file final.txt (compact mmCIF, C-alpha atoms and all ligand atoms)
# COMPACT_ATOMS: atom_id res chain seq x y z
CA MET A 1078 23.29 -20.30 23.82
CA ASN A 1079 26.06 -20.46 21.29
CA LEU A 1080 26.57 -18.08 18.39
CA ALA A 1081 25.63 -20.69 15.76
CA PHE A 1082 22.21 -21.10 17.43
CA TRP A 1083 21.50 -17.36 17.19
CA LYS A 1084 22.93 -17.12 13.67
CA LYS A 1085 20.58 -19.90 12.52
CA LYS A 1086 17.66 -18.21 14.24
CA GLU A 1087 18.53 -14.92 12.52
CA HIS A 1088 18.70 -16.72 9.20
CA THR A 1089 15.38 -18.53 9.50
CA ALA A 1090 13.73 -15.31 10.72
CA GLY A 1091 13.90 -13.96 7.17
CA GLN A 1092 13.38 -17.23 5.32
CA VAL A 1093 10.48 -16.99 2.92
CA ASP A 1094 8.54 -19.85 1.38
CA PHE A 1095 7.97 -18.35 -2.08
CA GLN A 1096 5.32 -20.99 -2.82
CA ARG A 1097 3.17 -19.62 0.00
CA LEU A 1098 3.30 -15.88 -0.56
CA PRO A 1099 0.36 -13.74 0.48
CA ARG A 1100 -1.63 -12.54 -2.55
CA HIS A 1101 -1.83 -8.98 -1.31
CA ILE A 1102 0.57 -6.92 0.83
CA ALA A 1103 -0.28 -3.43 2.10
CA VAL A 1104 2.40 -0.98 3.27
CA ILE A 1105 2.16 2.32 5.16
CA LEU A 1106 5.08 4.36 3.81
CA ASP A 1107 6.20 5.93 7.10
CA GLY A 1108 9.43 7.46 8.36
CA ASN A 1109 10.48 9.57 5.35
CA GLY A 1110 10.61 12.80 7.37
CA ARG A 1111 12.73 11.33 10.17
CA TRP A 1112 15.05 9.65 7.68
CA ALA A 1113 15.78 13.08 6.18
CA GLN A 1114 16.02 14.93 9.50
CA ARG A 1115 18.57 12.41 10.81
CA ARG A 1116 20.74 13.33 7.84
CA GLY A 1117 20.27 17.07 8.30
CA LEU A 1118 18.19 17.20 5.11
CA PRO A 1119 14.80 18.78 4.48
CA ARG A 1120 11.82 16.41 4.95
CA THR A 1121 11.16 16.55 1.20
CA ALA A 1122 14.49 14.72 0.63
CA GLY A 1123 12.99 11.87 2.67
CA HIS A 1124 9.98 11.69 0.35
CA LYS A 1125 12.29 11.57 -2.69
CA ALA A 1126 14.22 8.70 -1.10
CA GLY A 1127 10.90 7.07 -0.15
CA ALA A 1128 9.69 7.21 -3.76
CA GLU A 1129 12.94 5.47 -4.87
CA THR A 1130 12.42 2.76 -2.27
CA PHE A 1131 8.86 2.29 -3.50
CA ARG A 1132 10.13 1.80 -7.08
CA ALA A 1133 12.62 -0.84 -5.92
CA ILE A 1134 10.17 -2.71 -3.68
CA ALA A 1135 7.36 -2.63 -6.29
CA THR A 1136 9.72 -4.09 -8.89
CA TYR A 1137 10.86 -6.77 -6.47
CA CYS A 1138 7.24 -7.66 -5.59
CA ARG A 1139 6.53 -8.08 -9.30
CA ASP A 1140 9.62 -10.29 -9.68
CA ILE A 1141 8.58 -12.66 -6.88
CA GLY A 1142 5.05 -12.93 -8.31
CA LEU A 1143 3.06 -10.96 -5.74
CA GLU A 1144 -0.41 -10.23 -7.14
CA TYR A 1145 -1.24 -6.99 -5.28
CA LEU A 1146 0.81 -4.34 -3.50
CA THR A 1147 -1.07 -1.41 -1.95
CA VAL A 1148 0.77 1.55 -0.45
CA TYR A 1149 -0.44 4.51 1.59
CA ALA A 1150 1.29 7.49 0.00
CA PHE A 1151 -0.96 10.42 0.95
CA SER A 1152 -3.87 10.45 3.37
CA THR A 1153 -6.94 12.70 3.53
CA GLU A 1154 -5.22 14.25 6.60
CA ASN A 1155 -1.83 14.86 4.92
CA TRP A 1156 -3.10 18.12 3.34
CA LYS A 1157 -2.39 19.69 6.78
CA ARG A 1158 1.36 19.43 6.11
CA PRO A 1159 3.46 22.46 5.05
CA LYS A 1160 2.66 23.62 1.51
CA ASP A 1161 6.13 22.85 0.10
CA GLU A 1162 6.01 19.30 1.49
CA VAL A 1163 2.59 18.64 -0.10
CA GLU A 1164 3.84 20.14 -3.38
CA THR A 1165 6.92 17.91 -3.37
CA ILE A 1166 4.83 14.78 -2.82
CA MET A 1167 2.55 15.79 -5.74
CA VAL A 1168 5.61 16.41 -7.97
CA LEU A 1169 6.99 12.98 -7.04
CA LEU A 1170 3.66 11.38 -7.87
CA LYS A 1171 3.54 13.17 -11.20
CA ARG A 1172 7.05 11.95 -12.03
CA TYR A 1173 6.10 8.44 -11.03
CA LEU A 1174 2.96 8.55 -13.18
CA LEU A 1175 4.84 9.85 -16.23
CA GLU A 1176 7.46 7.16 -15.88
CA ALA A 1177 4.81 4.47 -15.35
CA ILE A 1178 2.88 5.47 -18.48
CA ASP A 1179 6.07 4.78 -20.47
CA THR A 1180 7.05 1.53 -18.77
CA MET A 1181 4.03 -0.34 -17.39
CA GLU A 1182 3.13 -2.07 -20.66
CA ARG A 1183 6.70 -3.34 -21.06
CA ASP A 1184 6.85 -4.43 -17.40
CA ASN A 1185 3.26 -5.78 -17.30
CA VAL A 1186 2.61 -3.90 -14.06
CA ARG A 1187 -0.88 -2.53 -13.44
CA LEU A 1188 -1.01 0.75 -11.57
CA ARG A 1189 -4.17 1.91 -9.79
CA PHE A 1190 -4.85 4.92 -7.63
CA LEU A 1191 -7.21 4.53 -4.71
CA GLY A 1192 -8.75 7.54 -2.98
CA ASP A 1193 -10.75 10.66 -3.73
CA MET A 1194 -9.08 11.99 -6.88
CA GLN A 1195 -11.28 15.14 -7.00
CA ALA A 1196 -8.84 17.09 -4.82
CA LEU A 1197 -5.91 16.44 -7.18
CA SER A 1198 -4.87 18.81 -9.95
CA GLN A 1199 -6.45 18.26 -13.37
CA GLU A 1200 -3.00 17.33 -14.68
CA LEU A 1201 -2.56 14.54 -12.11
CA ARG A 1202 -6.14 13.33 -12.69
CA ASP A 1203 -5.49 13.07 -16.43
CA LEU A 1204 -2.33 11.04 -15.78
CA VAL A 1205 -4.23 8.76 -13.39
CA GLU A 1206 -6.86 8.21 -16.12
CA GLN A 1207 -4.12 7.30 -18.63
CA CYS A 1208 -2.60 4.82 -16.18
CA ASN A 1209 -6.01 3.25 -15.54
CA ALA A 1210 -6.66 2.86 -19.26
CA ILE A 1211 -3.28 1.14 -19.78
CA SER A 1212 -3.83 -1.07 -16.69
CA ASP A 1213 -7.15 -2.29 -18.12
CA ARG A 1214 -5.19 -4.00 -20.92
CA LEU A 1215 -2.62 -5.66 -18.61
CA THR A 1216 -2.64 -8.75 -16.43
CA GLY A 1217 0.50 -8.47 -14.23
CA CYS A 1218 1.11 -7.45 -10.62
CA GLN A 1219 -1.20 -4.65 -9.49
CA CYS A 1220 0.33 -1.76 -7.56
CA ASN A 1221 -2.24 0.41 -5.81
CA ILE A 1222 -1.10 3.83 -4.66
CA CYS A 1223 -3.49 5.37 -2.14
CA ILE A 1224 -3.66 9.14 -2.54
CA ASN A 1225 -6.04 11.45 -0.72
CA TYR A 1226 -7.16 8.21 0.87
CA GLY A 1227 -8.90 7.67 4.20
CA GLY A 1228 -10.43 4.39 5.35
CA ARG A 1229 -13.46 6.03 6.95
CA ALA A 1230 -13.99 8.27 3.90
CA GLU A 1231 -13.83 5.17 1.68
CA ILE A 1232 -16.52 3.41 3.72
CA ALA A 1233 -18.67 6.57 3.83
CA GLN A 1234 -18.48 7.07 0.06
CA GLY A 1235 -19.38 3.39 -0.42
CA ALA A 1236 -22.42 3.76 1.84
CA ARG A 1237 -23.44 6.93 -0.02
CA ARG A 1238 -23.18 5.23 -3.42
CA PHE A 1239 -25.17 2.23 -2.17
CA ALA A 1240 -27.88 4.59 -0.88
CA GLU A 1241 -27.93 6.34 -4.28
CA ASP A 1242 -28.34 2.97 -6.02
CA CYS A 1243 -31.20 2.18 -3.61
CA ALA A 1244 -32.89 5.48 -4.40
CA ALA A 1245 -32.47 4.79 -8.12
CA GLY A 1246 -34.06 1.33 -7.68
CA VAL A 1247 -30.88 -0.47 -8.82
CA VAL A 1248 -30.59 -2.35 -5.49
CA LYS A 1249 -32.74 -2.86 -2.39
CA PRO A 1250 -31.61 -2.32 1.26
CA ASP A 1251 -31.91 -6.10 1.77
CA ASP A 1252 -29.25 -6.61 -0.91
CA LEU A 1253 -26.59 -5.15 1.40
CA THR A 1254 -24.19 -7.81 2.60
CA GLU A 1255 -20.43 -7.73 3.26
CA GLU A 1256 -19.88 -9.15 -0.23
CA THR A 1257 -22.15 -6.69 -2.07
CA PHE A 1258 -20.83 -3.72 -0.07
CA GLU A 1259 -17.23 -4.51 -1.05
CA LYS A 1260 -18.15 -3.63 -4.64
CA TYR A 1261 -18.65 -0.03 -3.50
CA LEU A 1262 -15.17 0.31 -2.02
CA TYR A 1263 -12.12 1.60 -3.92
CA SER A 1264 -10.70 -1.91 -3.61
CA ALA A 1265 -13.62 -3.57 -5.47
CA GLY A 1266 -12.58 -6.84 -7.06
CA MET A 1267 -9.31 -7.22 -5.12
CA PRO A 1268 -8.60 -9.74 -2.36
CA SER A 1269 -8.09 -8.22 1.10
CA PRO A 1270 -4.45 -7.83 2.17
CA GLU A 1271 -3.24 -10.77 4.23
CA LEU A 1272 -0.22 -8.79 5.46
CA LEU A 1273 0.05 -5.15 6.47
CA ILE A 1274 3.55 -3.74 6.97
CA ARG A 1275 4.21 -0.51 8.83
CA PRO A 1276 7.81 0.70 8.91
CA GLY A 1277 8.80 3.80 10.89
CA GLY A 1278 8.22 2.53 14.44
CA GLU A 1279 4.58 3.53 14.94
CA GLN A 1280 2.09 0.78 15.69
CA ARG A 1281 -1.23 2.02 14.39
CA LEU A 1282 -3.41 1.81 11.30
CA SER A 1283 -3.78 5.58 10.72
CA ASN A 1284 -7.11 5.23 8.88
CA PHE A 1285 -5.64 2.87 6.26
CA LEU A 1286 -7.76 0.07 4.69
CA LEU A 1287 -10.01 -0.16 7.75
CA TRP A 1288 -12.48 -2.52 6.08
CA GLN A 1289 -9.94 -4.57 4.14
CA CYS A 1290 -7.53 -5.18 7.06
CA ALA A 1291 -10.17 -6.87 9.27
CA TYR A 1292 -8.09 -10.09 9.24
CA ALA A 1293 -4.70 -8.83 8.03
CA GLU A 1294 -1.60 -9.87 9.93
CA PHE A 1295 0.33 -6.78 11.08
CA TYR A 1296 4.11 -6.44 10.89
CA PHE A 1297 5.72 -3.41 12.52
CA THR A 1298 9.37 -2.46 12.19
CA ASP A 1299 11.50 0.47 13.35
CA VAL A 1300 13.23 0.61 9.95
CA LEU A 1301 12.34 3.91 8.28
CA TRP A 1302 10.65 3.55 4.89
CA PRO A 1303 13.57 4.93 2.78
CA ASP A 1304 15.81 2.25 4.37
CA PHE A 1305 13.30 -0.54 3.77
CA SER A 1306 14.92 -3.32 1.76
CA LYS A 1307 14.03 -6.65 0.21
CA GLU A 1308 15.62 -8.33 3.26
CA GLU A 1309 13.17 -6.43 5.49
CA LEU A 1310 10.33 -7.48 3.18
CA HIS A 1311 11.51 -11.08 3.55
CA ARG A 1312 11.45 -10.72 7.34
CA ALA A 1313 7.87 -9.41 7.17
CA ILE A 1314 6.67 -12.21 4.86
CA ALA A 1315 8.48 -14.85 6.92
CA ALA A 1316 6.83 -13.51 10.10
CA TYR A 1317 3.46 -13.67 8.36
CA GLN A 1318 4.12 -17.25 7.27
CA ARG A 1319 4.82 -18.26 10.88
CA ARG A 1320 1.48 -16.87 12.12
CA ASN A 1321 -1.44 -19.12 12.95
CA ARG A 1322 -4.39 -17.48 11.19
CA ARG A 1323 -7.64 -18.63 12.77
CA PHE A 1324 -10.23 -16.14 11.48
CA GLY A 1325 -12.16 -16.48 14.70
CA GLY A 1326 -12.03 -20.29 14.60
CA VAL A 1327 -9.76 -22.59 16.54
CA GLY A 1328 -7.18 -23.28 13.84
C1 LIG B 1401 5.01 9.37 5.60
O1 LIG B 1401 6.26 9.65 6.20
C2 LIG B 1401 5.09 9.58 4.16
C3 LIG B 1401 4.25 10.37 3.43
C4 LIG B 1401 3.13 11.12 4.03
C5 LIG B 1401 4.44 10.56 1.98
C6 LIG B 1401 4.86 9.35 1.18
C7 LIG B 1401 5.12 9.79 -0.20
C8 LIG B 1401 6.10 9.33 -1.00
C9 LIG B 1401 7.02 8.24 -0.64
C10 LIG B 1401 6.33 9.96 -2.34
C11 LIG B 1401 5.44 9.58 -3.45
C12 LIG B 1401 5.03 8.18 -3.46
C13 LIG B 1401 5.08 7.32 -4.51
C14 LIG B 1401 4.53 5.96 -4.26
C15 LIG B 1401 5.64 7.61 -5.84
P1 LIG B 1401 6.38 10.88 7.21
O2 LIG B 1401 6.69 12.10 6.42
O3 LIG B 1401 5.14 10.98 8.04
O4 LIG B 1401 7.61 10.46 8.06
P2 LIG B 1401 7.89 10.87 9.60
O5 LIG B 1401 6.89 10.09 10.42
O6 LIG B 1401 9.29 10.40 9.81
O7 LIG B 1401 7.73 12.34 9.72

call {"tool": "encode", "arguments": {"input": "final.txt", "output": "structure tokens"}}
result
Amino acid sequence: MNLAFWKKKEHTAGQVDFQRLPRHIAVILDGNGRWAQRRGLPRTAGHKAGAETFRAIATYCRDIGLEYLTVYAFSTENWKRPKDEVETIMVLLKRYLLEAIDTMERDNVRLRFLGDMQALSQELRDLVEQCNAISDRLTGCQCNICINYGGRAEIAQGARRFAEDCAAGVVKPDDLTEETFEKYLYSAGMPSPELLIRPGGEQRLSNFLLWQCAYAEFYFTDVLWPDFSKEELHRAIAAYQRRNRRFGGVG
């Protein structure tokens, strides 16, 4: 094979049809710790770099007209990490929230937080409330940041709330269908992600969007999240666009 053949292949590998974008992309922000360790830096430096990458990718997703971007920033299991690492992630989230409150109206970006917010500090919860109130007035790209999120916990809380509604006579057990149950999930009202991207080299779902990713196309890359770029995003979308999605049918 000649070089031109491989060059062309490389080129088309990242070629995106912007008229056929997925509506919703989900990303597991993985590899921050290793990115920092490889540079002889503390893991927290990786999270800072990861937050910067998130800003850049979220802005780019807005620019190309993506409707929903959902990222996994902190899981229900991440509380097991060293105290200073958890604190740094919470400080980064606070900074991000403060900045978003000032800019989201101008940028027409809606920001939502998915997960169990009860475990967060009152200060963070108040900021989340402010962001939600601003988002209610906006129409642009929706960025969902999952914090204290777990897919199983999300399904369990949905089942609990449905049971409560049954007990209160608001619904009947027979009313439970896939469609009605979705209204009890954190993602109520959003389309399911068509594409799930996991940087950082691991190939697993790690309890992320278990219900919503039933038919998502998965894209795994060894690139660590802080190094993730718009070119890498293009590669992921282009790979998704080459897939034959059959949804259990024959295509
Ligand atoms: C996973 O990488 C990353 C996290 C658990 C935290 C992600 C948090 C941020 C990027 C900061 C705040 C986020 C926003 C959106 C403002 P890892 O630490 O498990 O990496 P490793 O596998 O290399 O150790």

call {"tool": "atom_distance", "arguments": {"input": "final.txt", "atom1": "CA of Gln1207 (chain A)", "atom2": "CA of Gln1219 (chain A)"}}
result
15.3 Å

call {"tool": "closest_residue", "arguments": {"input": "final.txt", "among": "A:Met1167, A:Thr1257, A:Pro1159, A:Leu1146", "to": "Leu1188 (chain A)", "atoms": "only C-alpha atoms"}}
result
A:Leu1146

call {"tool": "residues_near_ligand", "arguments": {"input": "final.txt", "ligand": "ligand LIG 1401 (chain B)", "cutoff": "9 Å", "atoms": "only C-alpha atoms and all ligand atoms", "output": "VMD selection string"}}
result
chain A and resid 1105 to 1114 1120 to 1121 1123 to 1132 1148 to 1152 1155 1158 1162 to 1163 1165 to 1174 1221 to 1224 1277 to 1279 1301 to 1303

call {"tool": "atom_distance", "arguments": {"input": "final.txt", "atom1": "CA of Met1181 (chain A)", "atom2": "CA of Lys1260 (chain A)"}}
result
25.8 Å

call {"tool": "axis_aligned_box", "arguments": {"input": "final.txt", "around": "region 1208-1223 of chain A", "padding_each_side": "8 Å", "output": "lines of an AutoDock Vina configuration file"}}
result
center_x = -3.0
center_y = -1.7
center_z = -11.5
size_x = 24.3
size_y = 30.1
size_z = 34.8

call {"tool": "residues_around", "arguments": {"input": "final.txt", "residues": "Arg1281 (chain A)", "least_positions_apart": "4", "cutoff": "12 Å", "atoms": "all atoms listed in the file", "output": "MDAnalysis selection string"}}
result
chainID A and resid 1105 1107 1273:1277 1285:1287 1295:1298

call {"tool": "atom_distance", "arguments": {"input": "final.txt", "atom1": "CA of Ser1269 (chain A)", "atom2": "CA of Ala1293 (chain A)"}}
result
7.7 Å

call {"tool": "build_atoms", "arguments": {"input": "final.txt", "residues": "region 1163-1176 of chain A", "atoms": "N, CA, C and O atoms", "output": "compact mmCIF listing (two decimals), in the frame of the given file"}}
result
# COMPACT_ATOMS: atom_id res chain seq x y z
N VAL A 1163 3.70 19.20 0.70
CA VAL A 1163 2.59 18.64 -0.10
C VAL A 1163 2.94 18.76 -1.59
O VAL A 1163 2.79 17.80 -2.37
N GLU A 1164 3.49 19.93 -1.97
CA GLU A 1164 3.84 20.14 -3.38
C GLU A 1164 4.88 19.11 -3.85
O GLU A 1164 4.78 18.57 -4.94
N THR A 1165 5.88 18.88 -2.99
CA THR A 1165 6.92 17.91 -3.37
C THR A 1165 6.33 16.53 -3.57
O THR A 1165 6.67 15.83 -4.54
N ILE A 1166 5.44 16.12 -2.68
CA ILE A 1166 4.83 14.78 -2.82
C ILE A 1166 4.05 14.71 -4.14
O ILE A 1166 4.14 13.72 -4.88
N MET A 1167 3.33 15.79 -4.48
CA MET A 1167 2.55 15.79 -5.74
C MET A 1167 3.50 15.74 -6.95
O MET A 1167 3.21 15.08 -7.94
N VAL A 1168 4.63 16.44 -6.86
CA VAL A 1168 5.61 16.41 -7.97
C VAL A 1168 6.16 15.00 -8.12
O VAL A 1168 6.30 14.47 -9.23
N LEU A 1169 6.46 14.35 -6.99
CA LEU A 1169 6.99 12.98 -7.04
C LEU A 1169 5.97 12.02 -7.65
O LEU A 1169 6.31 11.15 -8.44
N LEU A 1170 4.71 12.23 -7.30
CA LEU A 1170 3.66 11.38 -7.87
C LEU A 1170 3.54 11.59 -9.36
O LEU A 1170 3.42 10.65 -10.14
N LYS A 1171 3.63 12.87 -9.77
CA LYS A 1171 3.54 13.17 -11.20
C LYS A 1171 4.68 12.48 -11.95
O LYS A 1171 4.46 11.83 -12.98
N ARG A 1172 5.89 12.60 -11.39
CA ARG A 1172 7.05 11.95 -12.03
C ARG A 1172 6.83 10.45 -12.14
O ARG A 1172 7.12 9.83 -13.15
N TYR A 1173 6.31 9.89 -11.05
CA TYR A 1173 6.10 8.44 -11.03
C TYR A 1173 5.08 8.04 -12.09
O TYR A 1173 5.25 7.05 -12.81
N LEU A 1174 4.02 8.83 -12.20
CA LEU A 1174 2.96 8.55 -13.18
C LEU A 1174 3.51 8.63 -14.61
O LEU A 1174 3.26 7.75 -15.44
N LEU A 1175 4.29 9.68 -14.88
CA LEU A 1175 4.84 9.85 -16.23
C LEU A 1175 5.73 8.68 -16.60
O LEU A 1175 5.66 8.14 -17.70
N GLU A 1176 6.56 8.28 -15.64
CA GLU A 1176 7.46 7.16 -15.88
C GLU A 1176 6.66 5.87 -16.09
O GLU A 1176 6.94 5.09 -16.99
